[in-house]
Structure formats: structure tokens, C-alpha cells
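Asker: Below is one structure. I have some questions about it.
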Amino acid sequence: MSESKIARLHAMLQNKEISCTELTQAYLDAIEKDNAALNAYVTATPETALNTAKAVDEKIAKGESLHLLEGIPMTLKDNISTNGIRTTCCSKILEDYVPIYDASVWKILKSRNAVLLGKTNMDEFAMGSSCETSYFGGAKNPHSISHVAGGSSGGVASAVGGNLAVYGLGSDTGGSIRQPASFCGIVGLKPTYGAVSRFGLIAYASSFDQIGPITATVEDTAIVFDAVSEYDTMDSTSQGRKGEPVCNTLKNDIKGMKIGIAKEYFDGVREDVKQAVEQAIRVYQSLGAEIVYFDLPALKYALPVYYILACAEASSNLGRYDGIRYGYKADSYSDVNDMIKKTRSNGFGEEVKRRILLGTYVLSSGYYDAYYKKAQNLRGTIVKAFKNAFESCDVILAPTVPMTAFENGHAVSDPVETYLTDICTVPVNICGLPAVSVPCGCDAKGLPIGMQLIGNNFSESKILNAAWQYENAANLFKPTDFGVKL
Amino acid sequence: MKYELVAGFETHVELATNTKIFCSCTTQFGGEPNTHCCPICIGLPGTLPKLNARVVEYAIRAGLATNCEIAEISKMDRKNYCYPDLPKAYQISQYDMPLCKNGFIQLSNGRKIRILRIHIEEDAGKLVHSHGSTLVDYNRGGVPLIEIVTEPDFRSVDEAKEYVERLQLIMRYIGVSDAKMQEGSMRCDVNISVRPEGSDKLGTRTEIKNMNSITFIAKAMEYEFNRQVDLIESGEKVIQETLRYDDVSNTTSSMRGKEDANDYRYFRDPDLVTIHVSGERIEEIRTSLPELPDKKLERYINDLELPEKDAQLLVKYKKVADFFEKAINGIKTPKTAANFIIGQIFRYVENENEKEAFNIKVSAESLNELIKLLDNGKIRMNLAKTTLDKMLETGQKPSELLSESDMAGLDENTFLSLCQQAVDANPKAVADFKNGKEKAIKSIVGFVMKNSRGKADAVAAENKIKEIISQ
């Protein structure tokens with residue numbers, strides 16, 4: 001039966017088979033050894049980790065019972081604010097920025113004695129699909145270091161896939177959790193917009209951004225999601241999880257569950273990926289699920305809508321990096337405007353500048369109606385299309401990415417081609433829907449293939465239930481050569 | 001040719017909420033630079049705004065007090081521009097769905113100044129120039145503002161002055177702002193154009209900023225009106241631009257540079273949810289509004305039968321009006337209270353600011369007590385006046401200042417005997433009076449007043465004395 005890595009380690013800690021300090025040290029040693037190859041971490045926090053571990057060991061020694069996540073070594077994407085620990089967004093402009101407050105998700109996990117091993121690599125300001133726009137260089141795929149870990153949460157995926165963390169939190173704006181999870185052969189959940197607080201997540205595109213777990217197994221994802229999906233008064237768009245913990249229904253029978261297939265999701269998808277997802281459909285049929293086919297023509301608008309709206313919001317969100325209050329500031333300048341200009345020109349990377357320019361353009365008077373307004377209207381059209389789809393099915397099954405991990409350097413050479421690879425992931429961000437990516441096979445080179453289960457708003461329990469049943473039946477988890485073997 | 005002035009106002013009013021519009025920092029004026037700040041109001045990466053419900057309530061109060069329609073659904077937008085005092089590089093404001101719209105303020109000449117909209121937004125920080133460098137103080141950043149925009153309905157500088165005064169008074173009455181122009185809690189920008197009298201076409205307008213008093217608004221408008229007329233008369237054109245008023249030279253000058261073709265790239269702020277205000281809630285707020293200055297004035301004149309001028313003096317300051325109303329509680333002669341306040345108490349609060357604050361030692365209850373003694377004939381006006389002066393100096397109550405005998409009144413026998421004593425004790429004055437010196441009677445009456453400690457009625461005493469002398 002498919003098992004939870006978190007639950008297993010939790011039991012080992014609780015039964016004193018291993019101390020939290022030993023466990024933590026094992027991960028810190030592994031990072032020391034393997035991070036050079038994977039480049040998953042941009043900041044290691046051994047002191048924080050060992051201090052927490054010590055506190056957990058004291059609790060264990062006193063015979064106190066632990067929360068499931070207590071003492072479990074984990075990581076955070078480097079756009080989640082951590083008080084006193086630098087948070088860079090993997091940008092030169094925030095290279096030395098140290099937040100003075102904690103993101104709400106980190107506050108929750110910290111209160112549960114989560115062992116933070118360090119902050120992980122990402123595309124600069126979460127803009128990219130390969131992690132290669134990172135100021136610190138890209139994170140590598142633990143299944144083949146000549147390939148990328150994916151992006152933007154490439155560092156978390158590389159760390160979890162490479163056993164340099166048990167789990168991590170990433171953020172997903174257009175696929176940034178699911179795509180790297182898919183590339184690295186692990187599980188990644190993009191929760192419903194509003195299920196997890198965004199307070200402290202450094203914004204890329206506020207109406208799309210959502211924090212979610214990246215883990216080795218579906219059950220781990222369920223455990224982490226249950227822990228962090230709290231309503232937060234600091235985030236006006238927060239609603240928290242609706243209903244009981246998803247862990248309660250995770251292993252339910254899915255007989256009669258209606259799984260929807262939209263053919264548009266398979267347009268332009270590489271043959272081996274298509275076959276892997278079709279194989280998954282057969283697994284679901286064998287589990288007694290009912291397969292429903294329907295059309296989703298609105299999907300063709302998804303990419304332009306996403307890139308127009310996300311870039312528009314980004315152009316505004318990133319206006320604050322001007323060198324005045326924090327972060328990088330240009331060395332020499334003639335006046336304040338020159339300082340801001342030089343700071344931004346030198347501090348941001350090419351992809352970030354491209355998206356700021358695009359976003360500024362689509363919001364400018366004279367272009368607003370043709371781009372921003374039209375995209376907003378189409379966003380409504382896509383939302384409606386998905387709403388209709390969920391009248392005939394419980395979850396939608398689709399590939400996560402049309403291909404497997406890119407070779408290093410491939411994505412940055414052609415940005416437009418790379419944008420196109422987000423086709424399967426962006427629709428749920430446009431609609432705020434939850435989706436989980438799970439591994440469903442490998443290509444000829446041994447690189448993982450992922451598929452995603454998409455649900456209606458706040459139906460994380462359904463998609464994770466379907467994902468767990470598949471994972472349990474297919475048993476496709478593929479180990480890597482890196483990190484801690486426990 | 002005769003020209004007509006056409007003007008409209010954009011007024012920013014700082015709301016007197018305890019905390020800022022999107023965080024829980026204090027809105028207190030002043031403070032050491034950057035001490036009234038938190039990660040949210042300085043826009044640290046990852047922070048999110050949270051709308052202060054009190055701000056919405058105050059803006060609705062302002063809207064209702066100026067006869068606006070209140071939108072049950074509105075939203076917040078981002079106005080993007082880059083300036084060091086704006087920490088997020090956008091101001092959270094309202095663009096196309098303001099909270100209040102289509103109101104008006106009626107002037108004393110009967111004309112209605114239409115209010116196009118009132119929206120809520122956050123204030124920016126302040127640049128501080130010192131020793132050749134520029135620093136930023138973000139204390140004011142995130143202080144809630146409402147912006148009140150009128151139609152171009154003003155036709156004279158007097159109308160403009162009256163509008164600003166009325167607006168200021170309304171804001172103070174409904175308790176949403178102290179609306180102090182000098183401290184910047186009320187700031188006016190004026191759009192102004194001219195046209196030949198009788199024309200219904202609008203001329204090219206200019207916008208004047210940076211006027212921190214009503215006097216300067218009037219001066220700037222007069223200056224700008226004349227400048228535009230002169231331009232047109234000499235065949236030149238008015239250029240649409242933003243002008244800064246200089247109160248030292250009393251001139252306006254172009255502010256170009258900051259202004260050149262700003263494209264604010266407004267869009268809905270995705271961090272804030274739709275603002276829903278139920279019709280029920282709006283009615284609740286409407287009911288909670290105090291009597292507005294216009295209605296109060298009407299009531300003072302019609303119901304309390306105060307002279308218009310007195311009524312205006314009382315209504316002009318909210319605290320004075322409140323004091324007056326407490327002081328006349330249960331009293332049939334409101335005019336007496338008005339006289340005490342305007343004639344006597346106002347001498348202790350001479351300037352506008354002091355009247356506005358109305359910090360006096362006398363409580364309304366004490367004045368009420370004094371007027372009741374007067375109305376019941378326990379004391380005479382002279383004694384009341386001297387007592388009130390003592391009250392204003394010491395803060396003591398009438399009962400602490402007046403003895404039993406002071407308030408006992410004067411019985412007829414004592415009165416008659418005092419009058420007789422007065423005549424006996426002043427033979428010279430009596431003789432003078434008999435010789436036709438009318439004024440001589442005053443010193444005899446004075447004797448009675450003095451020896452009765454002001455309790456005697458001076459008119460009755462004079463009559464009685466005349467009677468005694470003529471016997």
C-alpha cells in the first residue's frame with residue numbers, strides 16, 4: 001500500500017528509533033554532499049534546523065506526543081518570507097534582503113516545530129518554467145542532472161525528489177508547483193485560490209499565486225495541506241480549507257467517481273506522455289471510476305489570458321523594488337530617478353524585465369481594452385467553461401506538462417516556446433481551481449511523466465482521494481540516487 | 001467683454017480613524033519619522049493590505065452627509081506611479097466604482113454644488129529635505145483619505161469659500177475628520193477655467209494645488225481668474241496644466257515635470273475583495289448621523305428664535321453648538337445662553353482654533369445651573385455676569401461661588417429700607433438731581449446695588465428712589 005514518508009518518519013521519531021537531531025543532521029549532511037550537483041538550496045539554515053531538532057528531542061524525551069509534522073525536515077521556496085532568514089526570490093535585487101516578519105504558512109509550520117533545512121531555488125520572482133532564470137543558476141533534476149528540475153519551484157522539487165528534504169512548500173502561479181513536481185517524479189498540489197494564506201508570499205501575480213506542498217507521496221501532500229490550509233485574517237482573499245481534513249477521506253473507495261477527460265488537454269502533447277495518461281485512465285477504470293469525455297474549447301484562450309493578466313499584475317507588484325528601502329541599490333547615479341532606473345535595470349534579470357514590460361504595455365492607456373480588459377473577460381469565459389465541466393464530472397484528468405524535463409539551457413533559449421509548455425497548467429490558476437500532479441510513468445530516457453487531477457473549488461479532498469487511489473494502484477514511485485535513504 | 005469663472009474642487013480629507021487604512025498602525029499626526037509604520041504600510045515584499053472597516057463607514061458618513069448615493073458594491077484599484085514616498089509604487093484607491101456618488105452641497109445663495117464622487121484611498125509618505133539630502137518619512141503612508149470631487153459648478157470665489165467652509169464643518173460635525181487645512185488633514189485642488197459670460201461652453205482649465213487655507217484658495221482663484229482673462233484678452237491660449245500656488249508672491253506657476261503625461265495604469269487590486277455594504281447597513285449609518293449644520297442653523301433660528309447671526313456663531317463650531325445645547329437643557333430662554341456664550345465665554349477663546357477646541361473651565365451643566373438661578377429670579381443679571389466670569393477663571397460651579405444670601409433674593413422691606421438709606425447717605429447727589437442733573441440718580445442707585453450685593457433690581461430701585469426724593 002502507498003505509504004506516507006512523513007508518517008513513517010514521525011513514527012520513527014516517536015518510537016525513538018532515531019532522534020530528531022540525528023534525522024536533521026542526516027539531511028544537513030546530504031545537502032552538504034549533494035547540493036553542489038542539484039543546486040536545490042540557495043540558503044541552508046543548519047542552525048535553525050538543529051535548534052528546532054533539539055527542542056523536538058526534548059519533547060520526545062519527556063514522552064510528549066508529536067504533531068505529524070513536528071521534527072520533520074523540510075524546506076521553503078525562497079519567495080516565502082522567513083523572519084531573520086534571507087528571502088531572495090532568487091533575484092539580485094533581493095540578494096541580501098532579510099524579512100522582519102514570517103509568512104503565515106511558515107508561522108503555522110514553525111509553531112509545529114517543522115525543521116527548516118533552508119530556502120530553495122526558484123526562477124527569479126517565480127517567472128520561468130525551468131528554474132534557470134534564478135540569479136543563483138538553475139536547480140537540477142535528481143533523475144538526470146543534465147536536465148532541469150522545472151520551475152518555478154524547481155529547488156523544492158529537486159530537494160524533495162533528491163531526498164534533501166522530506167517535503168517543501170512551493171508556490172504555483174501558472175504551474176510552478178505541478179510542473180517541477182511532474183519533472184522530478186513527485187507529488188505537487190496547487191490548492192484552491194484562497195485555501196492557503198498568501199501573506200508573506202512575495203507576489204508575482206496576486207490573483208493567481210497560491211502556496212502548496214511538494215512531497216514524495218500523495219498522503220504527505222494531504223498531511224501538509226491539512227496543516228497549512230488555515231483561514232488567515234492577514235490575507236483578505238483567504239478562506240481556508242472548507243470541510244473536514246482531506247486526510248480523513250484520502251483512501252476512500254472511488255467506485256463511481258466520474259473522471260472527466262477533455263481532448264483539448266491532449267493537443268500537442270508528446271506521444272509518450274499521452275500514452276502514460278491513457279494508461280492512467282485504464283487504471284481508473286479498473287478502480288471502478290467512470291470516465292466522462294467532454295470538450296473544453298475555452299482552453300485555447302488560457303495561455304494568452306494567463307500571460308497578459310499575470311504580467312500585468314507582476315508589473316505592478318514588482319514596482320516596489322526601487323533600491324530605496326531594502327534590497328540591491330545601484331552603486332552610482334545622478335539623481336533619484338537615475339538611481340531607480342539603474343537599480344531596476346541591473347537588479348532584475350531578463351525574464352523578469354520581459355514580463356514587467358509586457359505587463360506595463362497591456363495596462364497602458366490605449367492598449368488596456370485590447371489586452372487587459374479582453375483577457376479579463378476571457379478569464380470569465382474560462383471560469384464558466386470549467387464550472388460547466390464539473391457539472392458532468394467530479395475531477396478532470398490531464399497531463400501536467402506536454403513533455404518531460406527540458407535539457408539544461410533549452411528553456412531560456414526560446415521564451416515563447418517555453419511559455420507554450422505551460423498550456424496544461426495555467427487554466428486552473430486562471431480559475432482558482434485546485435489541481436494535484438502525480439507521477440504516471442517515465443519516458444525512454446527515464447525522466448518522469450506527470451499527470452494532474454483537477455477539481456472544483458475547495459474539492460482538494462476529491463482530487464487527493466483520486467490521486468491516492470491511483471498512486472496506490474499504479475505504484476510508480478521511482479527513487480533517485482541522491483540524498484537521505486531512510 | 002465680461003468673463004465668468006468656472007471652477008470645480010477635488011478635496012482630500014484625512015479620516016480620523018485610530019488606525020491606518022490597510023494595517024493597524026496609528027494615524028496620529030507627527031511622531032518620530034518612520035515610527036508609525038509596519039511591514040504592511042511600508043510595502044515590504046509579501047505583505048497584503050486589509051481594508052479597515054471603519055474607513056468604509058466614515059466614507060459612507062461623509063457621503064450621506066453630502067447627499068450622495070452609496071454604492072452597495074465597490075472595489076479597490078491600484079493607481080501605479082513611481083515616487084519615493086509611495087512604498088509599493090502604487091496607491092490603493094478607487095477608480096471606476098467609488099463608494100459614494102451623485103451628491104451635493106447647497107450654498108446660502110440656493111445653488112447646489114454637485115458632488116460627482118467620494119472615494120477612499122491611502123495617503124503617501126512625505127519627503128524630508130535636510131542637509132542636501134532627501135529622506136522619506138512613511139508615518140503618513142497608509143493614513144486613510146477620502147477624495148471629494150465636485151462638478152465644475154462654482155461661479156464665484158465666494159461660492160468656493162463657502163463650499164470649503166461648509167465641507168469642513170460637515171466633516172467635523174459627522175466626526176470623520178478634524179479637516180484642518182494647515183495640518184494637511186484637508187487639502188484642496190481647484191480646477192479653474194473662464195468663459196465669456198452667458199456662454200455654456202467650458203474653457204481650457206488649469207489645476208491649482210498647494211493651498212493650505214481658505215484665504216489662499218480665494219487669492220489663488222482670483223489670481224488665476226485674472227491671469228486667464230488676461231491671456232484670452234491678449235489673444236493667447238490657456239494651457240491645460242497643473243499649477244502650484246505660491247502664497248508669498250501670490251502667484252501660480254507651472255508644476256510641469258511631475259505631471260508629464262502620467263499613465264496610472266489603473267487596475268483592480270487583486271489583494272482586496274469586493275466591498276459589499278448592505279442597504280440595511282447604509283440606513284443604520286444614516287440614522288447614526290448627528291444633526292447637520294444646515295438643519296441646526298434652521299432650528300436655532302426658527303425654533304429657538306435666535307437672531308441669525310448668533311445662530312451662525314454657535315453652529316460654526318461643533319463643540320460650541322454641543323455646549324450650547326447642553327446648557328439650555330430645561331431652560332425657556334435659549335437667547336440668554338447664547339448671549340453668555342457669544343458675549344462672555346468667547347472672550348476666553350478668541351481665535352478660530354480655540355473656538356474649535358473650545359477648552360473652557362466652565363461646564364455646560366454649570367452654565368445651565370447659572371441660567372436657572374437667573375430665570376427663577378434668585379439672582380440678577382449683574383450677579384450672573386460676575387459669577388460667570390469667576391466660573392471662567394476658576395472652573396468653580398455657581399453653587400460654590402454664590403452664598404445662601406446671594407441666592408436668597410431681596411425682600412421688599414430690606415429693599416425699601418436700602419432705598420431710603422441711599423437717599424439719606426447721598427445728600428449731594430439728591431440735591432444735584434433735584435437741580436436737574438438726571439445722571440446724579442445713578443450713584444444713588446449704585447448705593448442700593450452695592451449694599452444689596454447686586455440682588456436689587458436696578459430699574460425698580462431707580463423708580464423707588466425718585467419716588468422718595470419727590471415726596
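Labeling convention for the C-alpha cells: chains A, B, ... as they appear, residues from 1 per chain, ligands from 1 in order of appearance.
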Listing only residues of chain B within 10 Å of chain A, what is the closest atom pair and its distance in Å (to one decimal) for each, using only C-alpha atoms, sorted by chain and residue number ascending, as a tab-separated table?
Answerer:
residue	atom	partner	partner_atom	distance
B:Cys23	CA	A:Met234	CA	9.2
B:Cys38	CA	A:Ile100	CA	9.7
B:Pro39	CA	A:Tyr101	CA	7.7
B:Ile40	CA	A:Met234	CA	10.0
B:Ile42	CA	A:Arg325	CA	8.6
B:Gly43	CA	A:Arg320	CA	7.6
B:Leu44	CA	A:Pro99	CA	8.1
B:Pro45	CA	A:Ile202	CA	5.2
B:Gly46	CA	A:Ile202	CA	3.9
B:Thr47	CA	A:Gly200	CA	5.4
B:Leu48	CA	A:Phe199	CA	6.1
B:Pro49	CA	A:Asp235	CA	7.5
B:Lys50	CA	A:Ser236	CA	6.0
B:Leu51	CA	A:Ser236	CA	8.1
B:Arg78	CA	A:Ser316	CA	8.2
B:Lys79	CA	A:Ser316	CA	9.2
B:Asn80	CA	A:Ser316	CA	6.7
B:Tyr81	CA	A:Gly319	CA	8.4
B:Cys82	CA	A:Gly319	CA	7.4
B:Tyr83	CA	A:Asn337	CA	8.7
B:Pro84	CA	A:Ile324	CA	7.2
B:Asp85	CA	A:Ile324	CA	9.8
B:Leu86	CA	A:Arg320	CA	8.5
B:Pro87	CA	A:Arg320	CA	6.1
B:Lys88	CA	A:Arg320	CA	4.6
B:Ala89	CA	A:Arg320	CA	5.2
B:Tyr90	CA	A:Ser316	CA	7.1
B:Thr134	CA	A:Val336	CA	9.3
B:Leu135	CA	A:Ile324	CA	9.7
B:Val136	CA	A:Ile324	CA	9.1
B:Asp263	CA	A:Ser364	CA	6.7
B:Tyr264	CA	A:Ser364	CA	7.9
B:Arg265	CA	A:Leu363	CA	5.2
B:Tyr266	CA	A:Leu363	CA	7.4
B:Phe267	CA	A:Leu363	CA	7.7
B:Arg268	CA	A:Glu313	CA	9.5
B:Asp269	CA	A:Ser206	CA	8.7
B:Pro270	CA	A:Ser207	CA	5.3
B:Asp271	CA	A:Ser206	CA	6.4
B:Leu272	CA	A:Ser236	CA	5.8
B:Val273	CA	A:Ser236	CA	6.4
B:Thr274	CA	A:Ser236	CA	9.9
Asker: At a cut-off of 7 Å, using only C-alpha atoms, what residues contact Ser213 of chain B? Leave out same-chain residues fewer than 2 positions from it and give the result as a PyMOL selection string.
Answerer: chain B and resi 181-182+211+215-217
Asker: Hey, what's within 12 Å of Glu283 of chain B if we count only C-alpha atoms and toss same-chain stuff fewer than 3 positions away? As a ChimeraX atom specification, please?
Answerer: /B:57,60-61,64,69-70,72,277-280,286-289
Asker: Residues within 6 Å of Asp189 of chain B, please, as a PDB file with C-alpha atoms, in the first residue's frame. Count only C-alpha atoms; anything in the same chain fewer than 2 positions from it doesn't count.
Answerer:
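Below is the file that was written, result_3.pdb:
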ATOM      1  CA  PHE B   9     -12.919  71.146  -6.415  1.00  0.00           C
ATOM      2  CA  GLU B  10     -11.032  67.979  -5.582  1.00  0.00           C
ATOM      3  CA  ILE B 208      -4.105  74.699  -8.790  1.00  0.00           C
ATOM      4  CA  LYS B 209      -2.517  72.770  -5.955  1.00  0.00           C
TER       5      LYS B 209
END
Asker: Env of segment 1-12 of chain A: 6 Å cut, atoms = only C-alpha atoms, seq-sep filter 3 positions within chain, self excluded. Answer as an mmCIF file with N, CA and C atoms, in the first residue's frame.
Answerer:
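Result file out19.cif:
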data_model
loop_
_atom_site.group_PDB
_atom_site.id
_atom_site.type_symbol
_atom_site.label_atom_id
_atom_site.label_comp_id
_atom_site.auth_asym_id
_atom_site.auth_seq_id
_atom_site.Cartn_x
_atom_site.Cartn_y
_atom_site.Cartn_z
ATOM 1 N N ASN A 15 8.866 6.683 18.232
ATOM 2 C CA ASN A 15 9.307 5.410 18.840
ATOM 3 C C ASN A 15 10.786 5.419 19.200
ATOM 4 N N LYS A 16 11.406 6.579 19.066
ATOM 5 C CA LYS A 16 12.826 6.745 19.394
ATOM 6 C C LYS A 16 13.755 5.831 18.603
ATOM 7 N N GLU A 17 13.350 5.467 17.377
ATOM 8 C CA GLU A 17 14.246 4.707 16.507
ATOM 9 C C GLU A 17 15.351 5.623 16.002
ATOM 10 N N ILE A 18 15.051 6.902 15.931
ATOM 11 C CA ILE A 18 16.033 7.900 15.512
ATOM 12 C C ILE A 18 15.700 9.190 16.252
ATOM 13 N N LEU A 68 2.145 15.377 13.598
ATOM 14 C CA LEU A 68 2.715 14.644 12.455
ATOM 15 C C LEU A 68 3.900 15.367 11.812
ATOM 16 N N GLU A 219 -0.175 11.058 0.204
ATOM 17 C CA GLU A 219 -0.585 11.200 1.598
ATOM 18 C C GLU A 219 0.202 12.326 2.284
ATOM 19 N N ASP A 220 1.471 12.441 1.954
ATOM 20 C CA ASP A 220 2.275 13.532 2.511
ATOM 21 C C ASP A 220 1.684 14.876 2.113
ATOM 22 N N ASN A 472 -1.599 4.355 -5.318
ATOM 23 C CA ASN A 472 -1.615 3.071 -4.620
ATOM 24 C C ASN A 472 -1.726 1.903 -5.613
#
Asker: Have a look at atom CA of Thr88 of chain A and atom CA of Pro142 of chain A and let me know their distance in Å, one decimal.
Answerer: 23.2 Å
Asker: Determine which residues of segment 30-208 of chain B receive a DSSP assignment of helix (DSSP H, G or I), computed from the backbone, and state them as a PyMOL selection string.
Answerer: chain B and resi 53-65+157-173
Asker: Let me see the file: selected residues, C-alpha atoms, as a short mmCIF file (atom, residue, chain, number, x, y, z; two decimals), in the first residue's frame.
Answerer:
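Result went into result13.cif, see below:
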data_model
loop_
_atom_site.label_atom_id
_atom_site.label_comp_id
_atom_site.auth_asym_id
_atom_site.auth_seq_id
_atom_site.Cartn_x
_atom_site.Cartn_y
_atom_site.Cartn_z
CA ALA B 53 -13.97 48.64 8.04
CA ARG B 54 -14.05 51.93 9.93
CA VAL B 55 -12.70 53.70 6.84
CA VAL B 56 -15.62 52.46 4.77
CA GLU B 57 -18.03 53.55 7.49
CA TYR B 58 -16.51 57.05 7.74
CA ALA B 59 -16.57 57.49 3.97
CA ILE B 60 -20.23 56.46 3.91
CA ARG B 61 -20.94 59.00 6.66
CA ALA B 62 -19.30 61.67 4.52
CA GLY B 63 -21.29 60.52 1.50
CA LEU B 64 -24.61 60.55 3.34
CA ALA B 65 -23.90 63.97 4.88
CA VAL B 157 -14.72 82.81 -5.40
CA ASP B 158 -17.28 83.44 -2.65
CA GLU B 159 -19.10 80.27 -3.59
CA ALA B 160 -15.81 78.39 -3.40
CA LYS B 161 -15.04 79.83 0.03
CA GLU B 162 -18.47 78.96 1.33
CA TYR B 163 -18.21 75.42 -0.07
CA VAL B 164 -14.90 74.77 1.65
CA GLU B 165 -16.21 76.16 4.94
CA ARG B 166 -19.33 74.07 4.72
CA LEU B 167 -17.47 70.94 3.77
CA GLN B 168 -15.05 71.45 6.63
CA LEU B 169 -17.91 71.94 9.06
CA ILE B 170 -19.79 68.88 7.82
CA MET B 171 -16.69 66.69 8.19
CA ARG B 172 -16.24 67.92 11.75
CA TYR B 173 -19.91 67.53 12.64
#
Asker: Using only C-alpha atoms, which of the listed residues (B:Leu367, B:Val229, B:Ala440, B:Val13) sits closest to Met1 of chain B?
Answerer: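 For Met1 of chain B, the nearest of the given residues is B:Val229.
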